[in-house]
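Take a look at the structure set out below.
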Amino acid sequence: MKRIAYLLIVLMGFGITSSFAQDKLSPERKQAVDSLALEKVRDLSKYVSIIGDKQTPWSEANRVIDRAEELFMAGSEIGVSSLTKTEVNYYTVRKYFERLMRLNYNKVEISWYNIEYVSDLQRQPDGTYVGVITIFQKFKAYDKEGQLVYQDTTKKDITVYVKRKETQIGGRLIGFWDVLLGDIRVKETTL
């Protein structure tokens, strides 16, 4: 979280607030926005691990779910897949995390790796920039005896939205670029 605050300060340092009237991302601003987007995805990765960990107290998991929801645009969905089913089910962000918290395994390990942009930010007619970050998720589930009972690796695409926002600081209206996550789509599930 400290890194996100730092990146927001960096974004402001690149003159995003002073040139808010401009609707384009300069290369410097784009680099700062890209860093913020990747940082938010890394934060989400940590939240997934905490919520999925059966040792996390219920109250702490619910607090982390609230934090995770703040990373997303309203109405976003997360895909869930399995090696045993061909269809992919999509759930709202809160429902996804509540289901993750209640998985019927004794221990769950979830890790994300190879987090990278696969599409450059593209400007939309409303001034929002949209891009895609791809991640690979390794999921392992264990029974009471500590035996591995299920595992898979899922390639997922995370839609990233970069929007102009405004806030009032000291009576002054300040503009800045904010990054929010959108739908997380399952691309492929393998062993």
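Going through the structure tokens in order, the chains are called A, B, and so on, while each chain numbers its residues from 1 and the ligands are numbered from 1 in the order shown.
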Shell around A:Glu87 at 12 Å using only C-alpha atoms, local window under 3 positions removed, as a list of chain:residue names: A:Gly79, A:Val80, A:Ser81, A:Ser82, A:Leu83, A:Thr84, A:Tyr90, A:Val186, A:Lys187, A:Glu188, A:Thr189
Test item: residues at most 8 Å from A:Met73, only C-alpha atoms, excluding those fewer than 6 positions along its chain, as a PyMOL selection string: chain A and resi 180-182
Write out, as a CSV table (one decimal), in the first residue's frame, the residues just selected, with C-alpha atoms.
chain,number,residue,atom,x,y,z
A,180,LEU,CA,-8.8,0.2,-11.6
A,181,LEU,CA,-9.0,-3.5,-12.4
A,182,GLY,CA,-11.8,-4.9,-14.4
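Minimum atom-to-atom distances from A:Lys24, A:Lys40, A:Lys85, A:Lys163 to A:Ile133 were compared using only C-alpha atoms, and the lowest value belongs to A:Lys40.
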Strand (DSSP E or B) residues, from DSSP on the backbone, in stretch 70-135 of chain A, as number ranges by chain: A: 72, 77-82, 85-92, 107-123, 129-135
With N, CA, C and O atoms retained, could you export that selection as a compact mmCIF listing (two decimals), in the first residue's frame?
# COMPACT_ATOMS: atom_id res chain seq x y z
N PHE A 72 -11.05 -2.79 -7.82
CA PHE A 72 -11.84 -3.10 -9.00
C PHE A 72 -12.88 -2.03 -9.35
O PHE A 72 -13.38 -1.34 -8.47
N GLU A 77 -16.07 -8.94 -12.78
CA GLU A 77 -16.23 -10.36 -12.48
C GLU A 77 -14.89 -11.08 -12.60
O GLU A 77 -14.01 -10.66 -13.34
N ILE A 78 -14.79 -12.19 -11.85
CA ILE A 78 -13.59 -13.02 -11.86
C ILE A 78 -13.99 -14.43 -12.27
O ILE A 78 -14.93 -15.00 -11.73
N GLY A 79 -13.24 -15.00 -13.23
CA GLY A 79 -13.52 -16.33 -13.72
C GLY A 79 -12.89 -17.42 -12.87
O GLY A 79 -11.80 -17.26 -12.33
N VAL A 80 -13.62 -18.52 -12.75
CA VAL A 80 -13.16 -19.70 -12.01
C VAL A 80 -13.25 -20.90 -12.94
O VAL A 80 -14.28 -21.14 -13.57
N SER A 81 -12.15 -21.65 -13.02
CA SER A 81 -12.12 -22.83 -13.88
C SER A 81 -11.59 -24.02 -13.10
O SER A 81 -11.09 -23.88 -11.99
N SER A 82 -11.69 -25.19 -13.70
CA SER A 82 -11.23 -26.42 -13.08
C SER A 82 -10.86 -27.41 -14.18
O SER A 82 -11.40 -27.35 -15.29
N LYS A 85 -13.99 -29.58 -15.16
CA LYS A 85 -15.14 -29.01 -15.85
C LYS A 85 -14.67 -28.23 -17.07
O LYS A 85 -13.61 -27.62 -17.05
N THR A 86 -15.48 -28.24 -18.11
CA THR A 86 -15.10 -27.51 -19.32
C THR A 86 -15.54 -26.05 -19.27
O THR A 86 -14.91 -25.21 -19.90
N GLU A 87 -16.60 -25.75 -18.51
CA GLU A 87 -17.09 -24.38 -18.49
C GLU A 87 -16.35 -23.54 -17.45
O GLU A 87 -15.80 -24.06 -16.49
N VAL A 88 -16.36 -22.25 -17.70
CA VAL A 88 -15.77 -21.28 -16.77
C VAL A 88 -16.93 -20.52 -16.14
O VAL A 88 -17.83 -20.05 -16.84
N ASN A 89 -16.93 -20.44 -14.83
CA ASN A 89 -17.97 -19.68 -14.12
C ASN A 89 -17.41 -18.32 -13.71
O ASN A 89 -16.24 -18.23 -13.30
N TYR A 90 -18.24 -17.28 -13.82
CA TYR A 90 -17.82 -15.93 -13.45
C TYR A 90 -18.66 -15.44 -12.29
O TYR A 90 -19.87 -15.65 -12.24
N TYR A 91 -17.96 -14.81 -11.33
CA TYR A 91 -18.59 -14.31 -10.12
C TYR A 91 -18.20 -12.86 -9.89
O TYR A 91 -17.11 -12.44 -10.29
N THR A 92 -19.07 -12.13 -9.21
CA THR A 92 -18.69 -10.77 -8.82
C THR A 92 -17.46 -10.88 -7.92
O THR A 92 -17.18 -11.95 -7.36
N LYS A 107 -5.95 -27.10 3.36
CA LYS A 107 -4.93 -26.10 3.06
C LYS A 107 -4.99 -25.76 1.58
O LYS A 107 -5.17 -26.65 0.75
N VAL A 108 -4.84 -24.49 1.28
CA VAL A 108 -4.83 -24.03 -0.11
C VAL A 108 -3.61 -23.14 -0.31
O VAL A 108 -3.32 -22.29 0.52
N GLU A 109 -2.91 -23.37 -1.41
CA GLU A 109 -1.79 -22.50 -1.80
C GLU A 109 -2.10 -21.90 -3.16
O GLU A 109 -2.40 -22.63 -4.10
N ILE A 110 -2.04 -20.58 -3.24
CA ILE A 110 -2.30 -19.89 -4.50
C ILE A 110 -1.15 -18.93 -4.75
O ILE A 110 -0.82 -18.11 -3.88
N SER A 111 -0.55 -19.05 -5.91
CA SER A 111 0.53 -18.12 -6.25
C SER A 111 0.35 -17.64 -7.68
O SER A 111 -0.16 -18.36 -8.53
N TRP A 112 0.75 -16.38 -7.90
CA TRP A 112 0.71 -15.79 -9.23
C TRP A 112 2.13 -15.56 -9.70
O TRP A 112 3.00 -15.19 -8.90
N TYR A 113 2.36 -15.76 -10.99
CA TYR A 113 3.69 -15.52 -11.55
C TYR A 113 3.55 -15.06 -13.00
O TYR A 113 2.45 -15.09 -13.57
N ASN A 114 4.67 -14.65 -13.60
CA ASN A 114 4.69 -14.12 -14.97
C ASN A 114 3.64 -13.04 -15.18
O ASN A 114 2.85 -13.07 -16.12
N ILE A 115 3.63 -12.05 -14.28
CA ILE A 115 2.69 -10.94 -14.37
C ILE A 115 3.26 -9.93 -15.37
O ILE A 115 4.33 -9.38 -15.15
N GLU A 116 2.55 -9.71 -16.48
CA GLU A 116 3.06 -8.77 -17.48
C GLU A 116 1.95 -8.24 -18.38
O GLU A 116 0.92 -8.89 -18.55
N TYR A 117 2.19 -7.05 -18.92
CA TYR A 117 1.26 -6.48 -19.89
C TYR A 117 1.32 -7.29 -21.17
O TYR A 117 2.40 -7.65 -21.64
N VAL A 118 0.16 -7.59 -21.75
CA VAL A 118 0.14 -8.22 -23.06
C VAL A 118 -0.43 -7.27 -24.11
O VAL A 118 -0.27 -7.49 -25.29
N SER A 119 -1.11 -6.23 -23.67
CA SER A 119 -1.59 -5.23 -24.62
C SER A 119 -1.29 -3.85 -24.06
O SER A 119 -1.43 -3.60 -22.87
N ASP A 120 -0.85 -2.98 -24.92
CA ASP A 120 -0.56 -1.61 -24.54
C ASP A 120 -1.88 -0.90 -24.22
O ASP A 120 -2.94 -1.29 -24.71
N LEU A 121 -1.80 0.15 -23.43
CA LEU A 121 -2.99 0.92 -23.11
C LEU A 121 -3.55 1.58 -24.37
O LEU A 121 -2.81 2.24 -25.10
N GLN A 122 -4.82 1.37 -24.61
CA GLN A 122 -5.49 1.94 -25.77
C GLN A 122 -6.53 2.95 -25.30
O GLN A 122 -7.35 2.65 -24.43
N ARG A 123 -6.48 4.15 -25.89
CA ARG A 123 -7.43 5.20 -25.50
C ARG A 123 -8.80 4.89 -26.06
O ARG A 123 -8.96 4.57 -27.24
N TYR A 129 -8.29 4.84 -20.68
CA TYR A 129 -7.34 3.94 -21.34
C TYR A 129 -7.59 2.53 -20.83
O TYR A 129 -7.85 2.33 -19.63
N VAL A 130 -7.53 1.56 -21.73
CA VAL A 130 -7.79 0.16 -21.37
C VAL A 130 -6.64 -0.70 -21.86
O VAL A 130 -6.16 -0.53 -22.98
N GLY A 131 -6.19 -1.61 -21.00
CA GLY A 131 -5.14 -2.54 -21.35
C GLY A 131 -5.42 -3.90 -20.71
O GLY A 131 -6.40 -4.06 -19.99
N VAL A 132 -4.55 -4.85 -20.97
CA VAL A 132 -4.70 -6.19 -20.41
C VAL A 132 -3.36 -6.63 -19.82
O VAL A 132 -2.32 -6.49 -20.44
N ILE A 133 -3.44 -7.16 -18.60
CA ILE A 133 -2.30 -7.76 -17.93
C ILE A 133 -2.57 -9.25 -17.83
O ILE A 133 -3.66 -9.66 -17.42
N THR A 134 -1.61 -10.07 -18.22
CA THR A 134 -1.75 -11.52 -18.13
C THR A 134 -0.97 -12.03 -16.92
O THR A 134 0.13 -11.58 -16.64
N ILE A 135 -1.59 -12.97 -16.22
CA ILE A 135 -0.94 -13.63 -15.09
C ILE A 135 -1.15 -15.14 -15.22
O ILE A 135 -2.04 -15.60 -15.92
Separation of atom CA of A:Asp152 from atom CA of A:Tyr96, in Å and rounded to one decimal: 17.5 Å
Helix (DSSP H, G or I) per DSSP on the backbone: members of chain A, as a PyMOL selection string: chain A and resi 2-13+27-52+58-69+93-101
Quick one: residues within 10 Å of A:Leu44, only C-alpha atoms, excluding same-chain residues fewer than 2 positions away - as a PDB file with all heavy atoms, in the first residue's frame?
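The resulting file, selection23.pdb, is shown below:
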ATOM      1  N   LEU A  38       0.593  -2.498 -12.477  1.00  0.00           N
ATOM      2  CA  LEU A  38       1.266  -3.737 -12.089  1.00  0.00           C
ATOM      3  C   LEU A  38       1.326  -3.891 -10.575  1.00  0.00           C
ATOM      4  O   LEU A  38       1.188  -4.995 -10.043  1.00  0.00           O
ATOM      5  CB  LEU A  38       2.668  -3.797 -12.704  1.00  0.00           C
ATOM      6  CG  LEU A  38       2.691  -4.002 -14.217  1.00  0.00           C
ATOM      7  CD1 LEU A  38       4.095  -3.772 -14.780  1.00  0.00           C
ATOM      8  CD2 LEU A  38       2.193  -5.391 -14.592  1.00  0.00           C
ATOM      9  N   GLU A  39       1.503  -2.777  -9.867  1.00  0.00           N
ATOM     10  CA  GLU A  39       1.524  -2.816  -8.397  1.00  0.00           C
ATOM     11  C   GLU A  39       0.161  -3.244  -7.845  1.00  0.00           C
ATOM     12  O   GLU A  39       0.081  -4.029  -6.906  1.00  0.00           O
ATOM     13  CB  GLU A  39       1.931  -1.453  -7.844  1.00  0.00           C
ATOM     14  CG  GLU A  39       2.142  -1.451  -6.345  1.00  0.00           C
ATOM     15  CD  GLU A  39       3.290  -2.339  -5.899  1.00  0.00           C
ATOM     16  OE1 GLU A  39       4.288  -2.465  -6.625  1.00  0.00           O
ATOM     17  OE2 GLU A  39       3.176  -2.928  -4.804  1.00  0.00           O
ATOM     18  N   LYS A  40      -0.909  -2.747  -8.447  1.00  0.00           N
ATOM     19  CA  LYS A  40      -2.249  -3.141  -7.992  1.00  0.00           C
ATOM     20  C   LYS A  40      -2.492  -4.629  -8.248  1.00  0.00           C
ATOM     21  O   LYS A  40      -3.100  -5.303  -7.421  1.00  0.00           O
ATOM     22  CB  LYS A  40      -3.318  -2.281  -8.661  1.00  0.00           C
ATOM     23  CG  LYS A  40      -3.369  -0.885  -8.069  1.00  0.00           C
ATOM     24  CD  LYS A  40      -4.604  -0.136  -8.463  1.00  0.00           C
ATOM     25  CE  LYS A  40      -4.658   1.188  -7.715  1.00  0.00           C
ATOM     26  NZ  LYS A  40      -5.957   1.848  -7.829  1.00  0.00           N
ATOM     27  N   VAL A  41      -2.003  -5.146  -9.368  1.00  0.00           N
ATOM     28  CA  VAL A  41      -2.147  -6.577  -9.648  1.00  0.00           C
ATOM     29  C   VAL A  41      -1.331  -7.389  -8.642  1.00  0.00           C
ATOM     30  O   VAL A  41      -1.788  -8.423  -8.150  1.00  0.00           O
ATOM     31  CB  VAL A  41      -1.756  -6.899 -11.105  1.00  0.00           C
ATOM     32  CG1 VAL A  41      -1.646  -8.398 -11.329  1.00  0.00           C
ATOM     33  CG2 VAL A  41      -2.770  -6.297 -12.067  1.00  0.00           C
ATOM     34  N   ARG A  42      -0.159  -6.923  -8.291  1.00  0.00           N
ATOM     35  CA  ARG A  42       0.652  -7.622  -7.275  1.00  0.00           C
ATOM     36  C   ARG A  42      -0.045  -7.588  -5.912  1.00  0.00           C
ATOM     37  O   ARG A  42      -0.022  -8.573  -5.172  1.00  0.00           O
ATOM     38  CB  ARG A  42       2.044  -7.010  -7.199  1.00  0.00           C
ATOM     39  CG  ARG A  42       2.918  -7.385  -8.370  1.00  0.00           C
ATOM     40  CD  ARG A  42       4.347  -6.864  -8.226  1.00  0.00           C
ATOM     41  NE  ARG A  42       5.064  -7.035  -9.468  1.00  0.00           N
ATOM     42  CZ  ARG A  42       5.264  -6.085 -10.367  1.00  0.00           C
ATOM     43  NH1 ARG A  42       4.833  -4.854 -10.160  1.00  0.00           N
ATOM     44  NH2 ARG A  42       5.906  -6.343 -11.484  1.00  0.00           N
ATOM     45  N   LYS A  46      -1.397 -10.798  -3.547  1.00  0.00           N
ATOM     46  CA  LYS A  46      -1.217 -10.991  -2.094  1.00  0.00           C
ATOM     47  C   LYS A  46      -2.557 -11.227  -1.411  1.00  0.00           C
ATOM     48  O   LYS A  46      -2.691 -12.087  -0.539  1.00  0.00           O
ATOM     49  CB  LYS A  46      -0.528  -9.771  -1.482  1.00  0.00           C
ATOM     50  CG  LYS A  46       0.910  -9.615  -1.887  1.00  0.00           C
ATOM     51  CD  LYS A  46       1.475  -8.334  -1.288  1.00  0.00           C
ATOM     52  CE  LYS A  46       2.578  -7.813  -2.171  1.00  0.00           C
ATOM     53  NZ  LYS A  46       2.912  -6.426  -1.927  1.00  0.00           N
ATOM     54  N   TYR A  47      -3.565 -10.445  -1.804  1.00  0.00           N
ATOM     55  CA  TYR A  47      -4.895 -10.586  -1.198  1.00  0.00           C
ATOM     56  C   TYR A  47      -5.473 -11.970  -1.472  1.00  0.00           C
ATOM     57  O   TYR A  47      -6.070 -12.588  -0.589  1.00  0.00           O
ATOM     58  CB  TYR A  47      -5.846  -9.509  -1.726  1.00  0.00           C
ATOM     59  CG  TYR A  47      -5.477  -8.094  -1.362  1.00  0.00           C
ATOM     60  CD1 TYR A  47      -5.952  -7.021  -2.095  1.00  0.00           C
ATOM     61  CD2 TYR A  47      -4.644  -7.801  -0.274  1.00  0.00           C
ATOM     62  CE1 TYR A  47      -5.626  -5.709  -1.770  1.00  0.00           C
ATOM     63  CE2 TYR A  47      -4.314  -6.499   0.053  1.00  0.00           C
ATOM     64  CZ  TYR A  47      -4.806  -5.458  -0.697  1.00  0.00           C
ATOM     65  OH  TYR A  47      -4.490  -4.171  -0.361  1.00  0.00           O
ATOM     66  N   VAL A  48      -5.305 -12.480  -2.701  1.00  0.00           N
ATOM     67  CA  VAL A  48      -5.801 -13.816  -3.051  1.00  0.00           C
ATOM     68  C   VAL A  48      -5.150 -14.860  -2.147  1.00  0.00           C
ATOM     69  O   VAL A  48      -5.818 -15.751  -1.619  1.00  0.00           O
ATOM     70  CB  VAL A  48      -5.534 -14.128  -4.545  1.00  0.00           C
ATOM     71  CG1 VAL A  48      -5.724 -15.605  -4.843  1.00  0.00           C
ATOM     72  CG2 VAL A  48      -6.438 -13.286  -5.438  1.00  0.00           C
ATOM     73  N   SER A  49      -3.843 -14.730  -1.929  1.00  0.00           N
ATOM     74  CA  SER A  49      -3.132 -15.684  -1.067  1.00  0.00           C
ATOM     75  C   SER A  49      -3.629 -15.623   0.373  1.00  0.00           C
ATOM     76  O   SER A  49      -3.824 -16.656   1.016  1.00  0.00           O
ATOM     77  CB  SER A  49      -1.629 -15.406  -1.093  1.00  0.00           C
ATOM     78  OG  SER A  49      -1.114 -15.672  -2.363  1.00  0.00           O
ATOM     79  N   ILE A  50      -3.834 -14.419   0.881  1.00  0.00           N
ATOM     80  CA  ILE A  50      -4.294 -14.255   2.272  1.00  0.00           C
ATOM     81  C   ILE A  50      -5.701 -14.813   2.442  1.00  0.00           C
ATOM     82  O   ILE A  50      -5.984 -15.555   3.387  1.00  0.00           O
ATOM     83  CB  ILE A  50      -4.245 -12.771   2.691  1.00  0.00           C
ATOM     84  CG1 ILE A  50      -2.797 -12.284   2.767  1.00  0.00           C
ATOM     85  CG2 ILE A  50      -4.959 -12.545   4.017  1.00  0.00           C
ATOM     86  CD1 ILE A  50      -2.644 -10.774   2.875  1.00  0.00           C
ATOM     87  N   VAL A  64      -9.623  -8.110   4.291  1.00  0.00           N
ATOM     88  CA  VAL A  64      -8.829  -8.151   3.063  1.00  0.00           C
ATOM     89  C   VAL A  64      -9.752  -8.171   1.836  1.00  0.00           C
ATOM     90  O   VAL A  64      -9.434  -7.562   0.812  1.00  0.00           O
ATOM     91  CB  VAL A  64      -7.855  -9.347   3.078  1.00  0.00           C
ATOM     92  CG1 VAL A  64      -7.125  -9.487   1.755  1.00  0.00           C
ATOM     93  CG2 VAL A  64      -6.849  -9.193   4.214  1.00  0.00           C
ATOM     94  N   ILE A  65     -10.894  -8.834   1.931  1.00  0.00           N
ATOM     95  CA  ILE A  65     -11.862  -8.815   0.827  1.00  0.00           C
ATOM     96  C   ILE A  65     -12.300  -7.376   0.547  1.00  0.00           C
ATOM     97  O   ILE A  65     -12.376  -6.945  -0.609  1.00  0.00           O
ATOM     98  CB  ILE A  65     -13.088  -9.711   1.132  1.00  0.00           C
ATOM     99  CG1 ILE A  65     -12.692 -11.185   1.058  1.00  0.00           C
ATOM    100  CG2 ILE A  65     -14.229  -9.418   0.161  1.00  0.00           C
ATOM    101  CD1 ILE A  65     -13.785 -12.150   1.500  1.00  0.00           C
ATOM    102  N   ARG A  67     -10.597  -4.684   1.087  1.00  0.00           N
ATOM    103  CA  ARG A  67      -9.456  -4.015   0.428  1.00  0.00           C
ATOM    104  C   ARG A  67      -9.341  -4.443  -1.034  1.00  0.00           C
ATOM    105  O   ARG A  67      -9.077  -3.621  -1.910  1.00  0.00           O
ATOM    106  CB  ARG A  67      -8.151  -4.335   1.158  1.00  0.00           C
ATOM    107  CG  ARG A  67      -8.035  -3.837   2.573  1.00  0.00           C
ATOM    108  CD  ARG A  67      -8.049  -2.327   2.668  1.00  0.00           C
ATOM    109  NE  ARG A  67      -7.004  -1.686   1.931  1.00  0.00           N
ATOM    110  CZ  ARG A  67      -5.873  -1.243   2.425  1.00  0.00           C
ATOM    111  NH1 ARG A  67      -5.629  -1.369   3.694  1.00  0.00           N
ATOM    112  NH2 ARG A  67      -4.986  -0.658   1.652  1.00  0.00           N
ATOM    113  N   ALA A  68      -9.524  -5.729  -1.286  1.00  0.00           N
ATOM    114  CA  ALA A  68      -9.419  -6.244  -2.655  1.00  0.00           C
ATOM    115  C   ALA A  68     -10.494  -5.629  -3.546  1.00  0.00           C
ATOM    116  O   ALA A  68     -10.226  -5.275  -4.698  1.00  0.00           O
ATOM    117  CB  ALA A  68      -9.524  -7.765  -2.656  1.00  0.00           C
ATOM    118  N   GLU A  69     -11.701  -5.485  -3.023  1.00  0.00           N
ATOM    119  CA  GLU A  69     -12.792  -4.899  -3.805  1.00  0.00           C
ATOM    120  C   GLU A  69     -12.477  -3.475  -4.261  1.00  0.00           C
ATOM    121  O   GLU A  69     -12.911  -3.049  -5.331  1.00  0.00           O
ATOM    122  CB  GLU A  69     -14.088  -4.874  -2.994  1.00  0.00           C
ATOM    123  CG  GLU A  69     -14.881  -6.138  -3.081  1.00  0.00           C
ATOM    124  CD  GLU A  69     -16.249  -5.973  -2.442  1.00  0.00           C
ATOM    125  OE1 GLU A  69     -16.335  -5.518  -1.288  1.00  0.00           O
ATOM    126  OE2 GLU A  69     -17.234  -6.317  -3.123  1.00  0.00           O
ATOM    127  N   LEU A  71      -9.841  -2.358  -5.409  1.00  0.00           N
ATOM    128  CA  LEU A  71      -8.976  -2.366  -6.588  1.00  0.00           C
ATOM    129  C   LEU A  71      -9.764  -2.431  -7.897  1.00  0.00           C
ATOM    130  O   LEU A  71      -9.211  -2.167  -8.958  1.00  0.00           O
ATOM    131  CB  LEU A  71      -8.020  -3.563  -6.537  1.00  0.00           C
ATOM    132  CG  LEU A  71      -7.034  -3.631  -5.383  1.00  0.00           C
ATOM    133  CD1 LEU A  71      -6.288  -4.955  -5.404  1.00  0.00           C
ATOM    134  CD2 LEU A  71      -6.076  -2.464  -5.424  1.00  0.00           C
ATOM    135  N   PHE A  72     -11.049  -2.795  -7.818  1.00  0.00           N
ATOM    136  CA  PHE A  72     -11.843  -3.098  -9.005  1.00  0.00           C
ATOM    137  C   PHE A  72     -12.878  -2.030  -9.347  1.00  0.00           C
ATOM    138  O   PHE A  72     -13.382  -1.343  -8.466  1.00  0.00           O
ATOM    139  CB  PHE A  72     -12.600  -4.422  -8.804  1.00  0.00           C
ATOM    140  CG  PHE A  72     -11.731  -5.631  -8.870  1.00  0.00           C
ATOM    141  CD1 PHE A  72     -11.093  -6.096  -7.732  1.00  0.00           C
ATOM    142  CD2 PHE A  72     -11.541  -6.309 -10.063  1.00  0.00           C
ATOM    143  CE1 PHE A  72     -10.281  -7.220  -7.779  1.00  0.00           C
ATOM    144  CE2 PHE A  72     -10.735  -7.435 -10.118  1.00  0.00           C
ATOM    145  CZ  PHE A  72     -10.108  -7.890  -8.977  1.00  0.00           C
ATOM    146  N   TRP A 112       0.747 -16.382  -7.896  1.00  0.00           N
ATOM    147  CA  TRP A 112       0.706 -15.791  -9.227  1.00  0.00           C
ATOM    148  C   TRP A 112       2.126 -15.565  -9.696  1.00  0.00           C
ATOM    149  O   TRP A 112       2.999 -15.193  -8.905  1.00  0.00           O
ATOM    150  CB  TRP A 112      -0.024 -14.457  -9.201  1.00  0.00           C
ATOM    151  CG  TRP A 112      -1.518 -14.555  -9.062  1.00  0.00           C
ATOM    152  CD1 TRP A 112      -2.256 -15.661  -8.749  1.00  0.00           C
ATOM    153  CD2 TRP A 112      -2.454 -13.493  -9.230  1.00  0.00           C
ATOM    154  NE1 TRP A 112      -3.587 -15.349  -8.711  1.00  0.00           N
ATOM    155  CE2 TRP A 112      -3.735 -14.011  -9.009  1.00  0.00           C
ATOM    156  CE3 TRP A 112      -2.323 -12.151  -9.554  1.00  0.00           C
ATOM    157  CZ2 TRP A 112      -4.885 -13.248  -9.092  1.00  0.00           C
ATOM    158  CZ3 TRP A 112      -3.465 -11.380  -9.639  1.00  0.00           C
ATOM    159  CH2 TRP A 112      -4.738 -11.928  -9.420  1.00  0.00           C
ATOM    160  N   LEU A 181      -8.925  -2.181 -11.713  1.00  0.00           N
ATOM    161  CA  LEU A 181      -8.954  -3.476 -12.387  1.00  0.00           C
ATOM    162  C   LEU A 181     -10.375  -3.779 -12.818  1.00  0.00           C
ATOM    163  O   LEU A 181     -11.332  -3.337 -12.186  1.00  0.00           O
ATOM    164  CB  LEU A 181      -8.438  -4.568 -11.456  1.00  0.00           C
ATOM    165  CG  LEU A 181      -7.048  -4.343 -10.867  1.00  0.00           C
ATOM    166  CD1 LEU A 181      -6.672  -5.492  -9.943  1.00  0.00           C
ATOM    167  CD2 LEU A 181      -6.010  -4.152 -11.953  1.00  0.00           C
TER     168      LEU A 181
END
Using only C-alpha atoms: which of A:Thr159, A:Lys138, A:Gly171, A:Val179 has the shortest distance to A:Leu191: A:Lys138
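Closest to A:Thr190 among A:Lys155, A:Lys165, A:Arg172, A:Arg29 is A:Lys155, based on only C-alpha atoms.
When only C-alpha atoms are used to compute distances to A:Glu70, the closest of the residues A:Gly175, A:Ile169, A:Thr128, A:Val93 turns out to be A:Val93.
For the choices A:Asp178, A:Gly75, A:Phe139, A:Arg102, the atom-to-atom distance to A:Lys30 is smallest for A:Asp178 when using only C-alpha atoms.
Between atom CA of A:Asn104 and atom CA of A:Ala141 the separation is 9.1 Å.
Ranking A:Ile51, A:Ala37, A:Ile184, A:Leu100 by their shortest atom-to-atom distance to A:Thr154, with only C-alpha atoms included, puts A:Ile184 first.
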